[in-house]
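Shown below: entry39.pdb, with PDB, C-alpha atoms and all ligand atoms.
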```pdb
ATOM      1  CA  MET A   1       0.000   0.000   0.000  1.00  0.00           C
ATOM      2  CA  GLY A   2       1.117   3.524  -0.716  1.00  0.00           C
ATOM      3  CA  ILE A   3       0.812   6.530   1.479  1.00  0.00           C
ATOM      4  CA  GLN A   4      -1.050   9.817   1.232  1.00  0.00           C
ATOM      5  CA  ALA A   5       0.889  12.306  -0.840  1.00  0.00           C
ATOM      6  CA  GLU A   6       0.200  16.007  -0.626  1.00  0.00           C
ATOM      7  CA  LEU A   7       0.429  18.256  -3.636  1.00  0.00           C
ATOM      8  CA  ARG A   8       0.385  22.014  -3.570  1.00  0.00           C
ATOM      9  CA  CYS A   9       0.659  24.916  -5.948  1.00  0.00           C
ATOM     10  CA  ARG A  10       3.706  27.143  -5.739  1.00  0.00           C
ATOM     11  CA  CYS A  11       2.021  29.734  -3.512  1.00  0.00           C
ATOM     12  CA  GLY A  12       0.225  27.203  -1.313  1.00  0.00           C
ATOM     13  CA  GLU A  13      -3.349  28.421  -1.943  1.00  0.00           C
ATOM     14  CA  VAL A  14      -4.339  25.133  -3.568  1.00  0.00           C
ATOM     15  CA  VAL A  15      -3.678  21.885  -1.746  1.00  0.00           C
ATOM     16  CA  GLY A  16      -4.591  18.382  -2.851  1.00  0.00           C
ATOM     17  CA  VAL A  17      -4.050  14.806  -1.783  1.00  0.00           C
ATOM     18  CA  VAL A  18      -3.248  11.644  -3.716  1.00  0.00           C
ATOM     19  CA  THR A  19      -4.135   8.499  -1.815  1.00  0.00           C
ATOM     20  CA  ASP A  20      -2.293   5.233  -2.233  1.00  0.00           C
ATOM     21  CA  ALA A  21       0.812   6.940  -3.610  1.00  0.00           C
ATOM     22  CA  SER A  22       3.672   4.603  -4.511  1.00  0.00           C
ATOM     23  CA  ARG A  23       5.929   3.594  -7.374  1.00  0.00           C
ATOM     24  CA  GLN A  24       3.558   0.778  -8.278  1.00  0.00           C
ATOM     25  CA  THR A  25       0.310   2.740  -8.299  1.00  0.00           C
ATOM     26  CA  VAL A  26       1.385   5.563 -10.623  1.00  0.00           C
ATOM     27  CA  ASN A  27       3.114   6.013 -13.944  1.00  0.00           C
ATOM     28  CA  ARG A  28       5.805   8.692 -13.852  1.00  0.00           C
ATOM     29  CA  ILE A  29       7.147   9.806 -17.211  1.00  0.00           C
ATOM     30  CA  VAL A  30       8.798  12.826 -18.782  1.00  0.00           C
ATOM     31  CA  CYS A  31       6.845  14.198 -21.744  1.00  0.00           C
ATOM     32  CA  TYR A  32       8.652  16.348 -24.300  1.00  0.00           C
ATOM     33  CA  CYS A  33       5.618  16.997 -26.510  1.00  0.00           C
ATOM     34  CA  ASP A  34       5.008  20.414 -27.977  1.00  0.00           C
ATOM     35  CA  ASP A  35       1.614  20.684 -26.270  1.00  0.00           C
ATOM     36  CA  CYS A  36       3.063  20.267 -22.779  1.00  0.00           C
ATOM     37  CA  GLN A  37       5.723  22.855 -23.627  1.00  0.00           C
ATOM     38  CA  ALA A  38       3.097  25.254 -25.018  1.00  0.00           C
ATOM     39  CA  PHE A  39       0.978  24.846 -21.895  1.00  0.00           C
ATOM     40  CA  ALA A  40       3.886  25.703 -19.588  1.00  0.00           C
ATOM     41  CA  HIS A  41       4.684  28.795 -21.646  1.00  0.00           C
ATOM     42  CA  GLN A  42       1.045  29.872 -21.742  1.00  0.00           C
ATOM     43  CA  LEU A  43       1.023  29.718 -17.939  1.00  0.00           C
ATOM     44  CA  GLY A  44       4.319  31.579 -17.688  1.00  0.00           C
ATOM     45  CA  ARG A  45       5.717  28.490 -15.942  1.00  0.00           C
ATOM     46  CA  ALA A  46       8.589  27.478 -18.189  1.00  0.00           C
ATOM     47  CA  ASP A  47      10.483  27.048 -14.906  1.00  0.00           C
ATOM     48  CA  LEU A  48       8.734  23.668 -14.623  1.00  0.00           C
ATOM     49  CA  LEU A  49      10.301  22.369 -17.869  1.00  0.00           C
ATOM     50  CA  ASP A  50      13.651  20.604 -17.854  1.00  0.00           C
ATOM     51  CA  ALA A  51      16.594  21.708 -20.012  1.00  0.00           C
ATOM     52  CA  HIS A  52      15.129  19.824 -23.005  1.00  0.00           C
ATOM     53  CA  GLY A  53      11.613  21.201 -22.536  1.00  0.00           C
ATOM     54  CA  GLY A  54      10.357  18.099 -20.734  1.00  0.00           C
ATOM     55  CA  SER A  55       7.439  17.976 -18.312  1.00  0.00           C
ATOM     56  CA  ASP A  56       7.881  15.502 -15.442  1.00  0.00           C
ATOM     57  CA  ILE A  57       4.423  13.976 -15.035  1.00  0.00           C
ATOM     58  CA  VAL A  58       2.966  11.624 -12.415  1.00  0.00           C
ATOM     59  CA  GLN A  59      -0.121   9.841 -13.792  1.00  0.00           C
ATOM     60  CA  VAL A  60      -2.601   8.746 -11.136  1.00  0.00           C
ATOM     61  CA  ALA A  61      -6.109   7.294 -10.982  1.00  0.00           C
ATOM     62  CA  PRO A  62      -8.732  10.070 -10.954  1.00  0.00           C
ATOM     63  CA  ALA A  63     -10.367   8.749  -7.775  1.00  0.00           C
ATOM     64  CA  SER A  64      -7.064   8.921  -5.911  1.00  0.00           C
ATOM     65  CA  LEU A  65      -6.836  12.719  -6.327  1.00  0.00           C
ATOM     66  CA  SER A  66      -8.903  15.218  -4.383  1.00  0.00           C
ATOM     67  CA  PHE A  67      -8.481  18.846  -3.464  1.00  0.00           C
ATOM     68  CA  ALA A  68      -8.596  19.926   0.156  1.00  0.00           C
ATOM     69  CA  LYS A  69      -8.143  23.673  -0.226  1.00  0.00           C
ATOM     70  CA  GLY A  70      -8.345  26.398  -2.865  1.00  0.00           C
ATOM     71  CA  GLN A  71     -10.904  24.803  -5.192  1.00  0.00           C
ATOM     72  CA  GLY A  72     -12.040  28.293  -6.184  1.00  0.00           C
ATOM     73  CA  ARG A  73      -8.626  28.836  -7.734  1.00  0.00           C
ATOM     74  CA  ILE A  74      -8.687  25.974 -10.226  1.00  0.00           C
ATOM     75  CA  ALA A  75      -9.398  26.443 -13.940  1.00  0.00           C
ATOM     76  CA  GLY A  76      -8.954  24.406 -17.092  1.00  0.00           C
ATOM     77  CA  LEU A  77      -7.288  25.183 -20.398  1.00  0.00           C
ATOM     78  CA  ARG A  78      -7.544  23.305 -23.682  1.00  0.00           C
ATOM     79  CA  LEU A  79      -4.990  24.098 -26.357  1.00  0.00           C
ATOM     80  CA  THR A  80      -7.533  23.099 -29.017  1.00  0.00           C
ATOM     81  CA  PRO A  81     -11.315  22.526 -28.783  1.00  0.00           C
ATOM     82  CA  LYS A  82     -10.800  18.753 -28.386  1.00  0.00           C
ATOM     83  CA  GLY A  83      -7.460  18.816 -26.616  1.00  0.00           C
ATOM     84  CA  LEU A  84      -6.644  17.517 -23.157  1.00  0.00           C
ATOM     85  CA  TYR A  85      -8.150  19.354 -20.231  1.00  0.00           C
ATOM     86  CA  ARG A  86      -5.128  20.936 -18.602  1.00  0.00           C
ATOM     87  CA  TRP A  87      -6.085  22.074 -15.110  1.00  0.00           C
ATOM     88  CA  HIS A  88      -4.063  24.703 -13.344  1.00  0.00           C
ATOM     89  CA  THR A  89      -4.342  27.102 -10.454  1.00  0.00           C
ATOM     90  CA  THR A  90      -5.239  30.739 -11.075  1.00  0.00           C
ATOM     91  CA  CYS A  91      -3.287  32.013  -8.048  1.00  0.00           C
ATOM     92  CA  CYS A  92       0.185  31.070  -9.286  1.00  0.00           C
ATOM     93  CA  ASN A  93      -0.429  29.156 -12.527  1.00  0.00           C
ATOM     94  CA  THR A  94       0.704  25.782 -11.262  1.00  0.00           C
ATOM     95  CA  PRO A  95      -0.490  22.789 -13.335  1.00  0.00           C
ATOM     96  CA  VAL A  96      -2.483  20.417 -11.122  1.00  0.00           C
ATOM     97  CA  GLY A  97      -3.678  17.744 -13.549  1.00  0.00           C
ATOM     98  CA  ASN A  98      -4.008  16.880 -17.232  1.00  0.00           C
ATOM     99  CA  THR A  99      -6.986  14.734 -18.123  1.00  0.00           C
ATOM    100  CA  MET A 100      -9.126  13.530 -20.952  1.00  0.00           C
ATOM    101  CA  GLY A 101     -12.841  13.078 -20.290  1.00  0.00           C
ATOM    102  CA  PRO A 102     -13.925  10.492 -17.707  1.00  0.00           C
ATOM    103  CA  ALA A 103     -13.970   7.728 -20.363  1.00  0.00           C
ATOM    104  CA  ILE A 104     -10.188   7.495 -20.285  1.00  0.00           C
ATOM    105  CA  PRO A 105      -9.418   7.737 -16.591  1.00  0.00           C
ATOM    106  CA  PHE A 106      -6.061   9.188 -15.715  1.00  0.00           C
ATOM    107  CA  VAL A 107      -4.748  12.453 -14.305  1.00  0.00           C
ATOM    108  CA  GLY A 108      -1.211  13.593 -15.073  1.00  0.00           C
ATOM    109  CA  ILE A 109       0.184  15.861 -12.366  1.00  0.00           C
ATOM    110  CA  VAL A 110       3.415  17.817 -12.657  1.00  0.00           C
ATOM    111  CA  ALA A 111       5.918  16.099 -10.354  1.00  0.00           C
ATOM    112  CA  GLN A 112       7.142  19.359  -8.777  1.00  0.00           C
ATOM    113  CA  ALA A 113       3.722  19.808  -7.140  1.00  0.00           C
ATOM    114  CA  PHE A 114       4.665  16.936  -4.829  1.00  0.00           C
ATOM    115  CA  ASP A 115       7.887  18.578  -3.648  1.00  0.00           C
ATOM    116  CA  THR A 116       6.430  20.262  -0.594  1.00  0.00           C
ATOM    117  CA  GLY A 117       9.418  20.526   1.688  1.00  0.00           C
ATOM    118  CA  THR A 118       8.452  17.616   3.903  1.00  0.00           C
ATOM    119  CA  GLN A 119       8.195  15.148   1.019  1.00  0.00           C
ATOM    120  CA  ARG A 120       9.636  14.797  -2.470  1.00  0.00           C
ATOM    121  CA  ALA A 121       8.253  13.223  -5.632  1.00  0.00           C
ATOM    122  CA  ASP A 122      11.345  11.008  -5.902  1.00  0.00           C
ATOM    123  CA  GLN A 123      10.726   9.476  -2.473  1.00  0.00           C
ATOM    124  CA  LEU A 124       7.039   8.944  -3.161  1.00  0.00           C
ATOM    125  CA  PHE A 125       7.164   7.623  -6.695  1.00  0.00           C
ATOM    126  CA  GLY A 126      10.762   6.874  -7.603  1.00  0.00           C
ATOM    127  CA  ALA A 127      12.407   8.344 -10.672  1.00  0.00           C
ATOM    128  CA  PRO A 128      10.513   8.586 -13.994  1.00  0.00           C
ATOM    129  CA  VAL A 129      10.213   5.177 -15.681  1.00  0.00           C
ATOM    130  CA  GLY A 130      10.729   6.648 -19.130  1.00  0.00           C
ATOM    131  CA  ALA A 131      10.376   9.558 -21.504  1.00  0.00           C
ATOM    132  CA  ILE A 132       8.191  10.144 -24.559  1.00  0.00           C
ATOM    133  CA  MET A 133       7.814  12.473 -27.535  1.00  0.00           C
ATOM    134  CA  GLY A 134      11.532  13.225 -27.711  1.00  0.00           C
ATOM    135  CA  LYS A 135      11.183  14.484 -31.261  1.00  0.00           C
ATOM    136  CA  TYR A 136       9.983  17.758 -29.753  1.00  0.00           C
ATOM    137  CA  ALA A 137      12.784  17.915 -27.184  1.00  0.00           C
ATOM    138  CA  ILE A 138      14.964  20.997 -27.282  1.00  0.00           C
ATOM    139  CA  GLY A 139      18.499  20.144 -28.364  1.00  0.00           C
ATOM    140  CA  GLU A 140      19.663  16.521 -28.392  1.00  0.00           C
ATOM    141  CA  PRO A 141      16.676  14.272 -27.515  1.00  0.00           C
ATOM    142  CA  PRO A 142      17.292  12.447 -24.213  1.00  0.00           C
ATOM    143  CA  ALA A 143      18.133   8.733 -24.572  1.00  0.00           C
ATOM    144  CA  GLY A 144      15.091   6.537 -25.113  1.00  0.00           C
ATOM    145  CA  SER A 145      12.677   9.437 -25.606  1.00  0.00           C
ATOM    146  CA  THR A 146      12.169   9.113 -29.368  1.00  0.00           C
ATOM    147  CA  GLY A 147      10.309   6.495 -31.352  1.00  0.00           C
ATOM    148  CA  LEU A 148       7.812   4.021 -29.960  1.00  0.00           C
ATOM    149  CA  ASN A 149       8.593   2.794 -26.459  1.00  0.00           C
ATOM    150  CA  LEU A 150       6.380  -0.288 -26.395  1.00  0.00           C
ATOM    151  CA  PRO A 151       6.969  -1.351 -22.764  1.00  0.00           C
ATOM    152  CA  LEU A 152       6.187   2.175 -21.602  1.00  0.00           C
ATOM    153  CA  LEU A 153       3.062   2.371 -23.759  1.00  0.00           C
ATOM    154  CA  LEU A 154       1.824  -1.012 -22.518  1.00  0.00           C
ATOM    155  CA  ARG A 155       2.490  -0.002 -18.935  1.00  0.00           C
ATOM    156  CA  ALA A 156       0.430   3.191 -19.400  1.00  0.00           C
ATOM    157  CA  ILE A 157      -2.439   1.313 -21.074  1.00  0.00           C
ATOM    158  CA  ALA A 158      -2.425  -1.337 -18.345  1.00  0.00           C
ATOM    159  CA  LYS A 159      -2.595   1.338 -15.667  1.00  0.00           C
ATOM    160  CA  VAL A 160      -5.505   3.194 -17.268  1.00  0.00           C
ATOM    161  CA  LEU A 161      -7.411  -0.012 -18.039  1.00  0.00           C
ATOM    162  CA  GLY A 162      -6.864  -1.238 -14.497  1.00  0.00           C
ATOM    163  CA  TRP A 163      -8.150   2.021 -13.037  1.00  0.00           C
ATOM    164  CA  ARG A 164     -11.181   1.832 -15.276  1.00  0.00           C
ATOM    165  CA  LEU A 165     -11.961  -1.779 -14.403  1.00  0.00           C
ATOM    166  CA  ARG A 166     -11.438  -1.260 -10.689  1.00  0.00           C
ATOM    167  CA  GLY A 167     -13.779   1.738 -10.593  1.00  0.00           C
ATOM    168  CA  ARG A 168     -11.044   4.263  -9.943  1.00  0.00           C
ATOM    169  CA  THR A 169     -12.616   6.873 -12.246  1.00  0.00           C
ATOM    170  CA  TRP A 170     -15.103   8.209  -9.714  1.00  0.00           C
ATOM    171  CA  PRO A 171     -15.207  10.410  -7.792  1.00  0.00           C
ATOM    172  CA  HIS A 172     -13.323  12.283 -10.504  1.00  0.00           C
ATOM    173  CA  PRO A 173     -11.542  15.421  -9.270  1.00  0.00           C
ATOM    174  CA  PHE A 174     -12.423  17.429 -12.389  1.00  0.00           C
ATOM    175  CA  PHE A 175     -15.770  16.106 -13.678  1.00  0.00           C
ATOM    176  CA  LYS A 176     -19.285  15.930 -12.255  1.00  0.00           C
ATOM    177  CA  PRO A 177     -20.502  12.345 -11.910  1.00  0.00           C
ATOM    178  CA  LYS A 178     -23.869  12.484 -13.674  1.00  0.00           C
ATOM    179  CA  ALA A 179     -23.552  15.314 -16.152  1.00  0.00           C
ATOM    180  CA  ARG A 180     -19.901  14.449 -16.836  1.00  0.00           C
ATOM    181  CA  GLU A 181     -19.277  18.138 -17.181  1.00  0.00           C
ATOM    182  CA  PRO A 182     -16.173  19.901 -15.919  1.00  0.00           C
ATOM    183  CA  VAL A 183     -16.316  21.015 -12.298  1.00  0.00           C
ATOM    184  CA  TYR A 184     -14.200  24.105 -12.987  1.00  0.00           C
ATOM    185  CA  PRO A 185     -14.333  26.788 -15.684  1.00  0.00           C
ATOM    186  CA  VAL A 186     -12.597  25.829 -18.921  1.00  0.00           C
ATOM    187  CA  SER A 187     -11.219  28.045 -21.657  1.00  0.00           C
ATOM    188  CA  VAL A 188      -9.855  27.134 -25.079  1.00  0.00           C
ATOM    189  CA  LEU A 189      -6.853  28.790 -26.684  1.00  0.00           C
ATOM    190  CA  SER A 190      -7.455  30.616 -29.939  1.00  0.00           C
ATOM    191  CA  PRO A 191      -5.768  29.005 -32.970  1.00  0.00           C
ATOM    192  CA  ALA A 192      -3.625  32.128 -33.308  1.00  0.00           C
ATOM    193  CA  ARG A 193      -2.444  31.916 -29.716  1.00  0.00           C
ATOM    194  CA  ARG A 194      -1.710  28.183 -30.028  1.00  0.00           C
ATOM    195  CA  GLU A 195       0.311  28.923 -33.155  1.00  0.00           C
ATOM    196  CA  ALA A 196       2.185  31.751 -31.462  1.00  0.00           C
ATOM    197  CA  LEU A 197       3.236  29.436 -28.635  1.00  0.00           C
ATOM    198  CA  ARG A 198       5.048  27.158 -31.102  1.00  0.00           C
ATOM    199  CA  GLN A 199       7.989  29.537 -31.228  1.00  0.00           C
ATOM    200  CA  HIS A 200       8.827  28.536 -27.640  1.00  0.00           C
ATOM    201  CA  GLY A 201       8.695  24.787 -28.249  1.00  0.00           C
ATOM    202  CA  GLY A 202      11.266  22.281 -29.463  1.00  0.00           C
ATOM    203  CA  PRO A 203      13.008  20.979 -31.338  1.00  0.00           C
ATOM    204  CA  HIS A 204      14.134  24.439 -32.472  1.00  0.00           C
ATOM    205  CA  PRO A 205      12.651  27.225 -30.342  1.00  0.00           C
ATOM    206  CA  GLN A 206      12.810  30.643 -31.934  1.00  0.00           C
ATOM    207  CA  VAL A 207      12.805  32.558 -28.678  1.00  0.00           C
TER     208      VAL A 207
HETATM  209 ZN    ZN B   1      -1.003  29.055  -6.009  1.00  0.00          ZN
HETATM  210 ZN    ZN B   2       3.065  16.180 -23.373  1.00  0.00          ZN
END
```
Turn the structure described in the file into structure tokens.
Amino acid sequence: MGIQAELRCRCGEVVGVVTDASRQTVNRIVCYCDDCQAFAHQLGRADLLDAHGGSDIVQVAPASLSFAKGQGRIAGLRLTPKGLYRWHTTCCNTPVGNTMGPAIPFVGIVAQAFDTGTQRADQLFGAPVGAIMGKYAIGEPPAGSTGLNLPLLLRAIAKVLGWRLRGRTWPHPFFKPKAREPVYPVSVLSPARREALRQHGGPHPQV
């Protein structure tokens, strides 16, 4: 069994909890995709990206995540009308969970949110098990991050399927159970803004 892991935004207004936190119950990966990079830049939080533009993400079951404080300071952003829901705080623009709709149950939380001073993501979850989407990495793509990583993909699918089968979708931290509508306000980037953000992303950022 894992332990309760606290997550918090940079300023501490928003606090959440992940139950049953352990290496085995989550999937921790580094994602170099251009969307994750664009999201960080849109938030003004490029400080969360690694030197190659990677986002360190801890994927958990939706039902394991809940917010204890600051719910009024959570909002969602979609880079395109059908893109991932990327939830973040409005106090300090900290990402607090990427999700699809409830049909594909997972929440990807930026690992730094678990570094609270009394605990660290590395202690809770171990190091990332792999990296993906290296073709968008800035500079030389990190080893193993390009091409299809079949073991990593199968591990992610097994996790999500397992959560779905074991009823770990609900209660979902970001969707209402019956209506399946978002709990928090959601905005969608304009195509022009999404395009403008590309200049920050890899493999060859222009700014
Ligand atoms: Zn905050
Ligand atoms: Zn990504």
(request) Compute the set of protein, DNA and RNA residues whose minimum atom distance to ligand ZN 2 (chain B) is at most 6 Å, using only C-alpha atoms and all ligand atoms, and state it as a list in words. (result)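 Listing the residues within 6 Å of ligand ZN 2 (chain B) gives Cys31, Tyr32, Cys33, Asp35 and Cys36 of chain A.
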How would you write, as an mmCIF file with C-alpha atoms, keeping the file's coordinate frame, the set of residues no farther than 10 Å from ligand ZN 1 (chain B) when counting only C-alpha atoms and all ligand atoms?
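Listing of selection14.cif after writing:
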```
data_model
loop_
_atom_site.group_PDB
_atom_site.id
_atom_site.type_symbol
_atom_site.label_atom_id
_atom_site.label_comp_id
_atom_site.auth_asym_id
_atom_site.auth_seq_id
_atom_site.Cartn_x
_atom_site.Cartn_y
_atom_site.Cartn_z
ATOM 1 C CA ARG A 8 0.385 22.014 -3.570
ATOM 2 C CA CYS A 9 0.659 24.916 -5.948
ATOM 3 C CA ARG A 10 3.706 27.143 -5.739
ATOM 4 C CA CYS A 11 2.021 29.734 -3.512
ATOM 5 C CA GLY A 12 0.225 27.203 -1.313
ATOM 6 C CA GLU A 13 -3.349 28.421 -1.943
ATOM 7 C CA VAL A 14 -4.339 25.133 -3.568
ATOM 8 C CA VAL A 15 -3.678 21.885 -1.746
ATOM 9 C CA GLY A 70 -8.345 26.398 -2.865
ATOM 10 C CA ARG A 73 -8.626 28.836 -7.734
ATOM 11 C CA ILE A 74 -8.687 25.974 -10.226
ATOM 12 C CA HIS A 88 -4.063 24.703 -13.344
ATOM 13 C CA THR A 89 -4.342 27.102 -10.454
ATOM 14 C CA THR A 90 -5.239 30.739 -11.075
ATOM 15 C CA CYS A 91 -3.287 32.013 -8.048
ATOM 16 C CA CYS A 92 0.185 31.070 -9.286
ATOM 17 C CA ASN A 93 -0.429 29.156 -12.527
ATOM 18 C CA THR A 94 0.704 25.782 -11.262
ATOM 19 C CA PRO A 95 -0.490 22.789 -13.335
#
```
(request) Name the residues in contact with region 111-114 of chain A at a cut-off of 6 Å, using all atoms listed in the file, excluding same-chain residues fewer than 2 positions from it; report them as a ChimeraX atom specification. (result) /A:7-8,56-58,116,120-121
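Picked by the PyMOL selection byres (((chain A and resi 176-187) around 8) and not hetatm) from the coordinates shown: Ile74, Ala75, Gly76, Leu77, Arg78, Tyr85, Gly101, Pro102, Trp170, Pro171, His172, Pro173, Phe174, Phe175, Val188 and Leu189 of chain A.
Ranking A:His41, A:Ala63, A:Pro105, A:Arg86 by their shortest atom-to-atom distance to Ala156 (chain A), with all atoms listed in the file included, puts A:Pro105 first.
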(message) So, with all atoms listed in the file as the atoms that count, which of A:Arg168, A:Lys82, A:Arg155, A:His200 lies closest to Ile29 (chain A)?
(response)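 Of the candidates, the smallest distance to Ile29 (chain A) is held by A:Arg155.
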(message) I want to know what sits within 12 Å of Ala143 (chain A), based on only C-alpha atoms, with residues of the same chain fewer than 5 positions away left out; could you give that as a list of chain:residue names?
(response) A:Val30, A:His52, A:Gly130, A:Ala131, A:Ile132, A:Met133, A:Gly134, A:Lys135, A:Ala137, A:Asn149
(request) For the structure provided, state which residues fall under the PyMOL selection byres (((chain A and resi 60) around 10) and not hetatm), and present them as a list in words. (result) Val18, Thr19, Asp20, Ala21, Thr25, Val26, Asn27, Arg28, Ile57, Val58, Gln59, Ala61, Pro62, Ala63, Ser64, Leu65, Gly97, Pro105, Phe106, Val107, Gly108, Ile109, Lys159, Val160, Trp163 and Arg168 of chain A
(request) Select, from A:Gly167, A:Thr118, A:Leu48, A:Phe39, the residue with the minimum atom-to-atom distance to Leu84 (chain A), counting all atoms listed in the file. (result) A:Phe39
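Evaluated on this file, the PyMOL selection byres (((chain A and resi 5) around 6) and not hetatm) matches Gln4, Glu6, Val17 and Val18 of chain A.
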(request) Measure the distance from CA of His204 (chain A) to CA of Gly147 (chain A) in Å and round it to one decimal. (result)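 CA of His204 (chain A) sits 18.4 Å away from CA of Gly147 (chain A).
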(message) Restricting the calculation to all atoms listed in the file: of A:Ala38, A:Leu124, A:Leu197, A:Ile138, which residue gets closest to Ala51 (chain A)?
(response) A:Ile138
(request) Have a look at A:Gly202, A:Gly83, A:Gly16, A:Gly139 and name the one nearest to Asn98 (chain A); count all atoms listed in the file. (result)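 Ranking A:Gly202, A:Gly83, A:Gly16, A:Gly139 by distance to Asn98 (chain A), first place goes to A:Gly83.
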